[in-house]
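Coordinates as given in my_file19.tsv (TSV, C-alpha atoms):
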```tsv
chain	number	residue	atom	x	y	z
A	1	MET	CA	-24.23	-12.89	-22.92
A	2	THR	CA	-27.99	-12.72	-22.84
A	3	ASN	CA	-28.23	-8.95	-23.04
A	4	GLY	CA	-26.03	-8.49	-26.10
A	5	PRO	CA	-22.68	-6.78	-26.82
A	6	ARG	CA	-23.70	-3.36	-25.49
A	7	SER	CA	-24.46	-4.84	-22.08
A	8	GLY	CA	-21.16	-6.74	-22.14
A	9	LEU	CA	-19.17	-3.64	-23.10
A	10	THR	CA	-20.78	-1.63	-20.31
A	11	ALA	CA	-20.00	-4.39	-17.82
A	12	VAL	CA	-16.35	-4.54	-18.96
A	13	SER	CA	-16.06	-0.76	-18.65
A	14	THR	CA	-17.46	-0.91	-15.11
A	15	ALA	CA	-15.05	-3.69	-14.20
A	16	LEU	CA	-12.04	-1.79	-15.58
A	17	LEU	CA	-12.97	1.35	-13.65
A	18	ALA	CA	-13.29	-0.72	-10.47
A	19	MET	CA	-9.81	-2.18	-10.97
A	20	SER	CA	-8.24	1.23	-11.60
A	21	ARG	CA	-9.39	2.50	-8.19
A	22	HIS	CA	-7.12	0.17	-6.23
A	23	LEU	CA	-3.38	0.31	-5.62
A	24	GLN	CA	-2.82	-2.61	-3.24
A	25	VAL	CA	-2.15	-5.96	-4.95
A	26	HIS	CA	-4.66	-7.93	-2.85
A	27	ASP	CA	-7.39	-5.34	-3.50
A	28	VAL	CA	-6.71	-5.50	-7.24
A	29	LEU	CA	-6.86	-9.32	-7.24
A	30	LYS	CA	-10.16	-9.32	-5.35
A	31	THR	CA	-11.66	-6.73	-7.68
A	32	ILE	CA	-10.61	-8.74	-10.75
A	33	VAL	CA	-12.23	-11.91	-9.39
A	34	VAL	CA	-15.49	-10.21	-8.35
A	35	SER	CA	-15.70	-8.32	-11.66
A	36	ALA	CA	-15.09	-11.48	-13.71
A	37	ARG	CA	-17.75	-13.48	-11.85
A	38	GLU	CA	-20.33	-10.71	-12.26
A	39	LEU	CA	-19.36	-10.08	-15.88
A	40	LEU	CA	-19.79	-13.70	-16.98
A	41	GLY	CA	-22.60	-14.61	-14.57
A	42	ALA	CA	-20.68	-17.46	-12.93
A	43	ARG	CA	-21.29	-19.03	-9.55
A	44	TYR	CA	-17.61	-19.33	-8.69
A	45	ALA	CA	-14.47	-17.42	-9.62
A	46	ALA	CA	-10.84	-17.53	-8.52
A	47	LEU	CA	-7.47	-16.07	-9.42
A	48	GLY	CA	-4.21	-17.72	-8.48
A	49	VAL	CA	-0.82	-15.97	-8.57
A	50	PRO	CA	1.87	-18.65	-8.94
A	51	ASP	CA	4.97	-18.87	-6.80
A	52	ASP	CA	8.29	-20.46	-7.73
A	53	HIS	CA	7.66	-23.69	-5.82
A	54	GLY	CA	4.74	-25.27	-7.66
A	55	GLY	CA	2.08	-23.56	-5.56
A	56	PHE	CA	0.37	-20.18	-5.38
A	57	ALA	CA	1.69	-17.10	-3.62
A	58	GLN	CA	-1.86	-15.71	-3.54
A	59	PHE	CA	-5.21	-17.31	-4.30
A	60	VAL	CA	-8.36	-15.17	-4.22
A	61	VAL	CA	-11.89	-16.60	-4.58
A	62	ASP	CA	-15.43	-15.26	-4.93
A	63	GLY	CA	-18.70	-17.15	-4.57
A	64	VAL	CA	-17.42	-19.27	-1.68
A	65	SER	CA	-18.18	-18.34	1.92
A	66	ASP	CA	-15.41	-17.94	4.48
A	67	GLU	CA	-16.62	-21.10	6.23
A	68	GLN	CA	-16.52	-23.09	2.97
A	69	TRP	CA	-13.07	-21.77	2.13
A	70	LYS	CA	-11.69	-22.76	5.53
A	71	ALA	CA	-13.23	-26.23	5.21
A	72	ILE	CA	-11.58	-26.77	1.80
A	73	GLY	CA	-8.15	-26.62	3.42
A	74	PRO	CA	-4.72	-25.61	2.07
A	75	LEU	CA	-4.23	-23.64	-1.13
A	76	PRO	CA	-4.23	-25.75	-4.31
A	77	ARG	CA	-1.02	-26.71	-6.06
A	78	GLN	CA	-0.18	-25.97	-9.67
A	79	HIS	CA	-1.61	-29.07	-11.32
A	80	GLY	CA	-4.17	-30.10	-13.89
A	81	VAL	CA	-5.96	-27.42	-15.86
A	82	LEU	CA	-4.58	-24.63	-13.66
A	83	ALA	CA	-1.01	-25.70	-14.37
A	84	ALA	CA	-1.73	-25.87	-18.09
A	85	MET	CA	-3.02	-22.29	-18.14
A	86	ILE	CA	0.09	-21.06	-16.32
A	87	GLN	CA	2.65	-23.11	-18.23
A	88	GLN	CA	1.13	-22.87	-21.71
A	89	ALA	CA	-0.54	-19.43	-21.33
A	90	THR	CA	-3.63	-20.61	-23.21
A	91	PRO	CA	-7.33	-20.14	-22.36
A	92	GLU	CA	-9.54	-23.12	-21.49
A	93	ARG	CA	-13.31	-23.58	-21.99
A	94	LEU	CA	-14.66	-26.95	-20.90
A	95	ALA	CA	-18.18	-28.44	-20.73
A	96	ASP	CA	-17.16	-30.53	-17.71
A	97	VAL	CA	-13.84	-29.89	-16.02
A	98	ARG	CA	-14.17	-33.20	-14.18
A	99	ALA	CA	-14.12	-35.11	-17.48
A	100	ASP	CA	-10.87	-33.51	-18.62
A	101	PRO	CA	-7.95	-35.99	-18.46
A	102	ARG	CA	-5.87	-33.41	-16.60
A	103	PHE	CA	-8.40	-33.14	-13.77
A	104	GLY	CA	-6.82	-34.22	-10.52
A	105	GLY	CA	-9.80	-34.08	-8.18
A	106	TRP	CA	-10.55	-31.79	-5.26
A	107	PRO	CA	-11.28	-32.07	-1.52
A	108	ALA	CA	-14.60	-33.55	-0.41
A	109	THR	CA	-15.76	-30.15	0.89
A	110	HIS	CA	-14.98	-28.40	-2.42
A	111	PRO	CA	-18.03	-27.01	-4.31
A	112	ASN	CA	-19.25	-29.20	-7.17
A	113	MET	CA	-18.06	-27.57	-10.43
A	114	ARG	CA	-18.82	-28.54	-13.99
A	115	ASP	CA	-18.61	-26.07	-16.89
A	116	PHE	CA	-15.37	-24.15	-16.71
A	117	ILE	CA	-13.62	-21.21	-18.34
A	118	GLY	CA	-10.06	-20.15	-17.59
A	119	MET	CA	-7.83	-17.35	-18.84
A	120	PRO	CA	-4.16	-16.65	-18.13
A	121	VAL	CA	-3.38	-13.14	-16.91
A	122	ALA	CA	-0.17	-12.29	-18.71
A	123	ASP	CA	2.16	-9.33	-19.12
A	124	GLY	CA	4.00	-10.10	-22.34
A	125	ASP	CA	5.61	-13.50	-21.90
A	126	GLU	CA	5.22	-13.47	-18.12
A	127	VAL	CA	2.13	-15.21	-16.75
A	128	LEU	CA	1.07	-13.24	-13.67
A	129	GLY	CA	-1.82	-15.49	-12.74
A	130	ALA	CA	-4.62	-17.84	-13.77
A	131	LEU	CA	-8.20	-16.52	-13.72
A	132	PHE	CA	-10.96	-19.10	-13.91
A	133	LEU	CA	-14.71	-19.34	-13.45
A	134	ALA	CA	-17.08	-22.27	-13.04
A	135	ASN	CA	-20.80	-23.07	-13.25
A	136	LYS	CA	-22.45	-20.52	-15.49
A	137	LYS	CA	-25.76	-19.25	-14.08
A	138	ARG	CA	-28.60	-19.97	-16.53
A	139	PRO	CA	-32.39	-19.80	-16.26
A	140	ASP	CA	-32.68	-23.47	-17.27
A	141	ARG	CA	-30.21	-24.66	-14.65
A	142	ALA	CA	-31.29	-25.48	-11.12
A	143	GLU	CA	-29.33	-24.55	-8.02
A	144	GLU	CA	-26.06	-26.38	-7.50
A	145	PRO	CA	-26.42	-30.03	-6.44
A	146	PRO	CA	-24.70	-31.12	-3.23
A	147	CYS	CA	-21.01	-31.94	-3.38
A	148	GLY	CA	-20.35	-35.23	-5.17
A	149	LEU	CA	-23.73	-35.47	-6.94
A	150	GLU	CA	-23.89	-35.44	-10.72
A	151	GLU	CA	-25.72	-32.79	-12.71
A	152	ALA	CA	-27.76	-34.01	-15.68
A	153	GLU	CA	-27.25	-30.94	-17.90
A	154	PRO	CA	-24.34	-31.76	-20.29
A	155	ALA	CA	-23.83	-28.47	-22.14
A	156	CYS	CA	-21.19	-25.87	-21.30
A	157	GLY	CA	-22.77	-22.63	-20.23
A	158	PHE	CA	-19.80	-20.43	-21.12
A	159	THR	CA	-19.81	-19.13	-24.69
A	160	ALA	CA	-17.23	-17.85	-27.15
A	161	GLU	CA	-18.44	-14.35	-26.35
A	162	ASP	CA	-17.79	-15.01	-22.66
A	163	GLU	CA	-14.26	-16.05	-23.56
A	164	GLU	CA	-13.74	-12.87	-25.57
A	165	LEU	CA	-14.98	-10.66	-22.72
A	166	LEU	CA	-12.83	-12.53	-20.22
A	167	SER	CA	-9.81	-12.09	-22.50
A	168	VAL	CA	-10.35	-8.31	-22.55
A	169	LEU	CA	-10.74	-8.28	-18.78
A	170	ALA	CA	-7.60	-10.39	-18.30
A	171	GLN	CA	-5.51	-8.06	-20.47
A	172	HIS	CA	-6.52	-5.05	-18.40
A	173	ALA	CA	-6.20	-7.08	-15.21
A	174	ALA	CA	-2.54	-7.68	-16.14
A	175	ILE	CA	-2.01	-3.92	-16.43
A	176	ALA	CA	-3.78	-3.24	-13.12
A	177	LEU	CA	-1.84	-5.98	-11.34
A	178	THR	CA	1.49	-4.79	-12.76
A	179	ASN	CA	0.72	-1.21	-11.71
A	180	ALA	CA	-0.23	-2.38	-8.21
A	181	ARG	CA	3.02	-4.31	-7.90
A	182	LEU	CA	5.00	-1.29	-9.08
A	183	TYR	CA	3.14	0.89	-6.57
A	184	GLU	CA	3.92	-1.47	-3.71
A	185	ARG	CA	7.56	-1.66	-4.78
A	186	SER	CA	7.70	2.14	-4.98
A	187	ARG	CA	6.15	2.32	-1.52
A	188	GLU	CA	8.80	-0.03	-0.16
A	189	LEU	CA	11.54	2.11	-1.70
A	190	THR	CA	9.96	5.28	-0.30
A	191	ILE	CA	9.84	3.73	3.16
A	192	ALA	CA	13.50	2.70	2.83
A	193	GLU	CA	14.47	6.22	1.73
A	194	GLU	CA	12.56	7.76	4.64
A	195	ARG	CA	14.22	5.41	7.11
A	196	ALA	CA	17.62	6.32	5.67
A	197	ARG	CA	16.84	10.02	5.97
A	198	LEU	CA	15.65	9.70	9.57
A	199	SER	CA	18.70	7.56	10.35
A	200	HIS	CA	20.99	10.26	8.97
A	201	GLU	CA	19.24	12.95	11.02
A	202	LEU	CA	19.45	10.88	14.19
A	203	HIS	CA	23.09	10.13	13.47
A	204	ASP	CA	23.81	13.88	13.25
A	205	ALA	CA	22.01	14.53	16.54
A	206	VAL	CA	23.88	11.73	18.34
A	207	ALA	CA	27.22	12.80	16.82
A	208	GLN	CA	26.72	16.37	18.08
A	209	LYS	CA	26.00	15.17	21.61
A	210	LEU	CA	28.97	12.79	21.61
A	211	PHE	CA	31.24	15.59	20.41
A	212	SER	CA	29.99	17.82	23.25
A	213	LEU	CA	30.42	14.93	25.68
A	214	ARG	CA	34.04	14.49	24.58
A	215	LEU	CA	34.85	18.19	25.02
A	216	THR	CA	33.17	18.27	28.43
A	217	ALA	CA	35.10	15.20	29.60
A	218	GLN	CA	38.38	16.77	28.43
A	219	ALA	CA	37.55	19.97	30.30
A	220	ALA	CA	36.78	18.00	33.46
A	221	ALA	CA	40.08	16.15	33.22
A	222	ALA	CA	41.98	19.42	32.87
A	223	LEU	CA	40.22	20.94	35.92
A	224	VAL	CA	40.51	17.99	38.33
A	225	ASP	CA	43.73	19.21	39.97
A	226	ARG	CA	43.38	23.00	39.97
A	227	ASP	CA	39.60	23.43	40.34
A	228	PRO	CA	37.85	20.28	41.66
A	229	GLY	CA	34.53	22.12	42.01
A	230	ARG	CA	34.46	23.13	38.34
A	231	ALA	CA	35.57	19.64	37.37
A	232	LYS	CA	32.63	18.18	39.29
A	233	GLU	CA	30.24	20.48	37.42
A	234	GLU	CA	31.74	19.42	34.10
A	235	LEU	CA	31.33	15.77	35.05
A	236	HIS	CA	27.65	16.36	35.85
A	237	GLU	CA	27.27	17.94	32.42
A	238	ALA	CA	29.04	14.96	30.84
A	239	ALA	CA	26.58	12.61	32.57
A	240	ARG	CA	23.65	14.65	31.23
A	241	LEU	CA	25.01	14.57	27.68
A	242	ALA	CA	25.63	10.83	27.94
A	243	ALA	CA	22.02	10.29	29.01
A	244	GLU	CA	20.76	12.34	26.05
A	245	ALA	CA	22.99	10.42	23.65
A	246	THR	CA	21.61	7.18	25.08
A	247	ASP	CA	18.06	8.40	24.45
A	248	GLU	CA	18.91	9.25	20.85
A	249	LEU	CA	20.46	5.83	20.27
A	250	ARG	CA	17.38	4.20	21.77
A	251	ALA	CA	15.25	6.25	19.36
A	252	ALA	CA	17.35	4.99	16.48
A	253	VAL	CA	16.63	1.41	17.49
A	254	VAL	CA	12.97	1.78	18.46
A	255	GLU	CA	11.68	4.37	16.01
A	256	LEU	CA	13.48	3.41	12.81
A	257	ARG	CA	11.31	0.39	12.09
A	258	PRO	CA	9.38	0.23	8.80
A	259	ALA	CA	6.60	2.81	8.55
A	260	GLY	CA	3.67	1.43	10.53
A	261	LEU	CA	0.69	2.70	8.55
A	262	ASP	CA	-0.86	-0.74	8.20
A	263	GLU	CA	-0.28	-1.68	11.83
A	264	ASP	CA	-0.42	1.64	13.68
A	265	GLY	CA	-2.54	3.90	11.48
A	266	LEU	CA	-1.83	7.40	10.20
A	267	VAL	CA	-2.08	9.31	13.49
A	268	ALA	CA	0.34	7.07	15.43
A	269	THR	CA	2.79	6.88	12.51
A	270	LEU	CA	2.87	10.64	12.06
A	271	ARG	CA	3.19	11.25	15.79
A	272	THR	CA	6.16	8.86	16.00
A	273	GLN	CA	7.98	10.46	13.09
A	274	VAL	CA	7.37	13.97	14.45
A	275	GLN	CA	8.85	12.89	17.80
A	276	VAL	CA	11.96	11.56	16.05
A	277	LEU	CA	12.40	14.79	14.07
A	278	ASP	CA	11.85	16.91	17.18
A	279	ARG	CA	14.76	15.13	18.88
A	280	ALA	CA	16.98	15.30	15.81
A	281	HIS	CA	16.61	19.04	15.08
A	282	THR	CA	17.00	22.26	17.01
A	283	ALA	CA	13.57	23.41	15.80
A	284	LYS	CA	10.59	22.51	17.97
A	285	VAL	CA	8.43	20.04	16.00
A	286	THR	CA	4.95	19.28	17.35
A	287	PHE	CA	1.95	17.22	16.31
A	288	ALA	CA	-1.77	17.44	17.08
A	289	SER	CA	-4.79	15.52	15.75
A	290	HIS	CA	-8.51	16.07	16.15
A	291	GLY	CA	-11.30	13.55	15.52
A	292	ILE	CA	-9.48	11.53	12.86
A	293	ARG	CA	-11.18	8.39	11.59
A	294	ALA	CA	-9.71	5.61	9.45
A	295	LEU	CA	-9.24	6.62	5.81
A	296	PRO	CA	-8.72	4.57	2.64
A	297	ALA	CA	-5.17	3.21	2.58
A	298	SER	CA	-4.17	5.22	-0.49
A	299	GLN	CA	-5.28	8.48	1.14
A	300	GLU	CA	-3.41	7.75	4.38
A	301	GLU	CA	-0.30	6.91	2.34
A	302	ALA	CA	-0.58	10.20	0.42
A	303	LEU	CA	-1.09	12.27	3.59
A	304	LEU	CA	1.95	10.67	5.23
A	305	ARG	CA	4.22	11.26	2.22
A	306	VAL	CA	3.12	14.89	1.85
A	307	ALA	CA	3.70	15.47	5.56
A	308	GLN	CA	7.19	13.97	5.28
A	309	GLU	CA	8.08	16.12	2.27
A	310	ALA	CA	6.75	19.29	3.90
A	311	LEU	CA	8.63	18.52	7.14
A	312	HIS	CA	11.83	17.91	5.20
A	313	ASN	CA	11.50	21.31	3.47
A	314	ALA	CA	10.71	23.12	6.72
A	315	LEU	CA	13.59	21.59	8.69
A	316	ARG	CA	16.23	21.72	5.96
A	317	HIS	CA	15.49	24.94	4.10
A	318	SER	CA	13.32	27.36	6.09
A	319	GLY	CA	15.44	28.02	9.17
A	320	ALA	CA	12.27	27.62	11.24
A	321	GLY	CA	12.32	27.62	15.01
A	322	ARG	CA	8.96	25.89	15.22
A	323	VAL	CA	7.10	23.47	12.95
A	324	GLN	CA	3.51	22.42	13.69
A	325	VAL	CA	1.84	19.38	12.12
A	326	THR	CA	-1.94	19.21	12.48
A	327	LEU	CA	-4.35	16.53	11.28
A	328	THR	CA	-8.05	17.38	11.53
A	329	ARG	CA	-11.23	15.57	10.53
A	330	VAL	CA	-13.23	17.26	7.78
A	331	GLY	CA	-16.54	15.51	7.07
A	332	GLN	CA	-15.69	11.97	5.99
A	333	GLY	CA	-12.14	12.98	5.16
A	334	ALA	CA	-9.22	14.80	6.74
A	335	ALA	CA	-7.10	17.92	6.44
A	336	LEU	CA	-3.34	18.04	7.01
A	337	CYS	CA	-1.42	21.23	7.76
A	338	VAL	CA	2.35	21.54	8.12
A	339	ALA	CA	3.14	25.12	9.17
A	340	ASP	CA	6.50	26.70	10.07
A	341	ASP	CA	7.74	30.12	11.20
A	342	GLY	CA	10.71	30.07	8.85
A	343	CYS	CA	11.94	32.39	6.14
A	344	GLY	CA	9.08	31.65	3.75
A	345	PHE	CA	9.23	32.11	-0.02
A	346	GLU	CA	7.31	33.43	-2.98
A	347	PRO	CA	5.53	30.39	-4.52
A	348	GLU	CA	5.20	31.94	-7.97
A	349	ALA	CA	8.87	32.94	-8.07
A	350	VAL	CA	9.91	29.44	-7.04
A	351	ARG	CA	7.73	27.93	-9.75
A	352	LYS	CA	9.17	30.21	-12.47
A	353	ALA	CA	12.71	29.46	-11.33
A	354	GLY	CA	12.07	25.74	-11.63
A	355	ARG	CA	12.84	25.11	-7.94
A	356	HIS	CA	9.76	23.17	-6.92
A	357	LEU	CA	10.80	22.14	-3.38
A	358	GLY	CA	8.80	18.94	-3.93
A	359	LEU	CA	5.59	20.91	-4.54
A	360	VAL	CA	4.86	19.14	-7.83
A	361	SER	CA	5.23	15.75	-6.17
A	362	MET	CA	2.99	16.80	-3.28
A	363	ARG	CA	0.30	18.11	-5.64
A	364	ASP	CA	0.46	14.88	-7.65
A	365	ARG	CA	0.02	12.81	-4.49
A	366	ALA	CA	-2.98	14.90	-3.43
A	367	SER	CA	-4.74	14.83	-6.80
A	368	GLY	CA	-3.98	11.11	-7.18
A	369	VAL	CA	-6.32	10.33	-4.27
A	370	GLY	CA	-8.99	12.90	-5.14
A	371	GLY	CA	-7.63	15.52	-2.76
A	372	SER	CA	-6.29	19.06	-2.99
A	373	LEU	CA	-3.12	20.85	-1.92
A	374	THR	CA	-2.69	24.52	-0.97
A	375	VAL	CA	0.62	26.30	-0.40
A	376	THR	CA	0.61	29.54	1.55
A	377	SER	CA	3.93	31.33	1.96
A	378	GLU	CA	5.48	34.77	1.94
A	379	PRO	CA	9.07	35.88	2.50
A	380	GLY	CA	9.65	36.41	6.21
A	381	LEU	CA	6.24	35.04	7.24
A	382	GLY	CA	6.73	31.28	7.16
A	383	THR	CA	4.99	28.58	5.13
A	384	ALA	CA	1.88	26.44	5.46
A	385	ILE	CA	1.30	23.32	3.35
A	386	GLU	CA	-2.35	22.20	3.55
A	387	MET	CA	-3.77	19.02	2.04
A	388	GLU	CA	-7.34	17.76	2.18
A	389	VAL	CA	-8.65	14.31	1.21
A	390	PRO	CA	-12.31	13.23	0.83
A	391	GLY	CA	-12.24	10.01	2.86
A	392	GLY	CA	-14.33	7.06	1.73
```
Could you quickly redo this structure as structure tokens?
Amino acid sequence: MTNGPRSGLTAVSTALLAMSRHLQVHDVLKTIVVSARELLGARYAALGVPDDHGGFAQFVVDGVSDEQWKAIGPLPRQHGVLAAMIQQATPERLADVRADPRFGGWPATHPNMRDFIGMPVADGDEVLGALFLANKKRPDRAEEPPCGLEEAEPACGFTAEDEELLSVLAQHAAIALTNARLYERSRELTIAEERARLSHELHDAVAQKLFSLRLTAQAAAALVDRDPGRAKEELHEAARLAAEATDELRAAVVELRPAGLDEDGLVATLRTQVQVLDRAHTAKVTFASHGIRALPASQEEALLRVAQEALHNALRHSGAGRVQVTLTRVGQGAALCVADDGCGFEPEAVRKAGRHLGLVSMRDRASGVGGSLTVTSEPGLGTAIEMEVPGG
């Protein structure tokens, strides 16, 4: 590095902080690639995550325009130097990757690359990916020649210090990537748990209506001979209950799809879940939103999970007759409020008794995205859970 170890350490620190801000796997991969290219002063950088079929499940690049990337064609296979890094888990630093006997060529539209440095991203014995960079930027090197033309400069621009810095970055990249994968897995499990909970609540609602329908039909059958008028009324009631049961079953089919944050956004997802809960419970559950704009994915995820936990508490434990969910824009961020008219509780007494009602989890979710959580409750006066996030 031309600016010495202090500059390199600062750059590594900046790169690590950037990686720690992301929870989605693709975002983490992109941040690793961009950070590596900037850290080592390379023209091109890429990170491939191998699949089990000799290819790459994900392949993220930096330094190549979208048009160039489309022109290059399909994702590369695991061959040549890339395969060696994945299979042998060893770093590579080459003066000219094209002169290496393992080099298998590239498409005609591929950028012309010469000096090369690669580093496996590994978690213990498991290789998570291959991170590589090409064409070190140097004051004595001209702009890249057109594809297919040779470059006269024979020396490798990447140094042993570059390799050391990239090794540090790769080690932390493995941690960031593993954490992101765990987060996504946890999110999938949370979604599955929420679907199961909603399914159970809908099942209870449908079962209650079917039980009432059965009793009404039995009453109508008993009245047919001695009181045809009453029997007719009971049959009308049976038809009404059957229609309601049909609506609940339709809700089970339509609404119990995977949480649609990515596709539908926070407002639509929350509104849908509130509608399901309103049908499944005797309490009136309503939703309102005001001026909401798109938020960072992690903040939307946290708001949704806190809303779900607060709704669960209100509908299962408070005896509320009404629960109101409100989502309001606050500056660049948003504020969520889940308020009920239930029995309420004394927050300090609950904390001392060790019965957290999910409050610790909700506070952790809020603080994890730079937000805050406030709980307002008093015996006999209901409860309000309020969460605010800063936006981005």
Just want the 9 Å neighbourhood of segment 320-323 of chain A, counted on only C-alpha atoms, with same-chain residues fewer than 5 positions away dropped. Output as a VMD selection string. chain A and resid 282 to 287 311 314 to 315 338 to 343 382
Nearest residue to Ala268 of chain A from the set A:Leu327, A:Pro76, A:Gln299, A:Tyr183 (distances using all atoms listed in the file):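 Ranking A:Leu327, A:Pro76, A:Gln299, A:Tyr183 by distance to Ala268 of chain A, first place goes to A:Leu327.
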For each of A:Val306, A:Val330, A:Leu82, A:Val276, take the minimum atom-to-atom distance to Arg293 of chain A, counting all atoms listed in the file, then give the residue where this is smallest.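 Under the stated criterion, the closest residue is A:Val330.
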Point out the residue among A:Leu39, A:Ile86, A:Ala297, A:Val64 with the least atom-to-atom distance to Asp27 of chain A, counting all atoms listed in the file.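 Closest to Asp27 of chain A of all the choices is A:Ala297.
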Would you pick out the contacts of Gly48 of chain A at 7 Å or less, using only C-alpha atoms, so that residues sharing its chain but fewer than 4 positions from it are not included, and give the list as a ChimeraX atom specification? /A:56,58-60,129-131
Once you have the residues from the selection above, write them out as a PDB file, in the frame of the given file, restricted to C-alpha atoms.
```
ATOM      1  CA  PHE A  56       0.370 -20.180  -5.380  1.00  0.00           C
ATOM      2  CA  GLN A  58      -1.860 -15.710  -3.540  1.00  0.00           C
ATOM      3  CA  PHE A  59      -5.210 -17.310  -4.300  1.00  0.00           C
ATOM      4  CA  VAL A  60      -8.360 -15.170  -4.220  1.00  0.00           C
ATOM      5  CA  GLY A 129      -1.820 -15.490 -12.740  1.00  0.00           C
ATOM      6  CA  ALA A 130      -4.620 -17.840 -13.770  1.00  0.00           C
ATOM      7  CA  LEU A 131      -8.200 -16.520 -13.720  1.00  0.00           C
TER       8      LEU A 131
END
```
Go ahead and find all residues with at least one atom no further than 10 Å from (-10.2, -12.2, -7.1) in the file's coordinates, using only C-alpha atoms; report them as a list of chain:residue names.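 I get A:His26, A:Asp27, A:Val28, A:Leu29, A:Lys30, A:Thr31, A:Ile32, A:Val33, A:Val34, A:Ser35, A:Ala36, A:Arg37, A:Ala45, A:Ala46, A:Leu47, A:Gly48, A:Gln58, A:Phe59, A:Val60, A:Val61, A:Asp62, A:Leu131, A:Phe132 for the residues within 10 Å of that point.
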Coordinates of box centre and edge lengths for segment 273-277 of chain A, 6 Å on every side, axis-aligned, as lines of an AutoDock Vina configuration file:
```
center_x = 9.9
center_y = 12.6
center_z = 15.4
size_x = 17.0
size_y = 16.3
size_z = 16.7
```
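Candidate residues A:Val127, A:Ala134, A:Gly333, A:Met362 were compared for distance to Gln308 of chain A, and the nearest is A:Met362, using all atoms listed in the file.
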When you draw a straight line from atom CA of Ala220 of chain A to atom CA of Ala243 of chain A, how long is it in Å? 17.2 Å
Give me the residues within 9 Å of Asp96 of chain A as number ranges by chain, counting all atoms listed in the file and dropping any in the same chain fewer than 2 places off. A: 94, 98-100, 113-116, 154-156
Would you put the residues from that selection into a file with C-alpha atoms, as an mmCIF file, in the frame of the given file?
```
data_model
loop_
_atom_site.group_PDB
_atom_site.id
_atom_site.type_symbol
_atom_site.label_atom_id
_atom_site.label_comp_id
_atom_site.auth_asym_id
_atom_site.auth_seq_id
_atom_site.Cartn_x
_atom_site.Cartn_y
_atom_site.Cartn_z
ATOM 1 C CA LEU A 94 -14.660 -26.950 -20.900
ATOM 2 C CA ARG A 98 -14.170 -33.200 -14.180
ATOM 3 C CA ALA A 99 -14.120 -35.110 -17.480
ATOM 4 C CA ASP A 100 -10.870 -33.510 -18.620
ATOM 5 C CA MET A 113 -18.060 -27.570 -10.430
ATOM 6 C CA ARG A 114 -18.820 -28.540 -13.990
ATOM 7 C CA ASP A 115 -18.610 -26.070 -16.890
ATOM 8 C CA PHE A 116 -15.370 -24.150 -16.710
ATOM 9 C CA PRO A 154 -24.340 -31.760 -20.290
ATOM 10 C CA ALA A 155 -23.830 -28.470 -22.140
ATOM 11 C CA CYS A 156 -21.190 -25.870 -21.300
#
```
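The gap separating atom CA of His317 of chain A from atom CA of Ala280 of chain A is 15.2 Å, in Å to one decimal.
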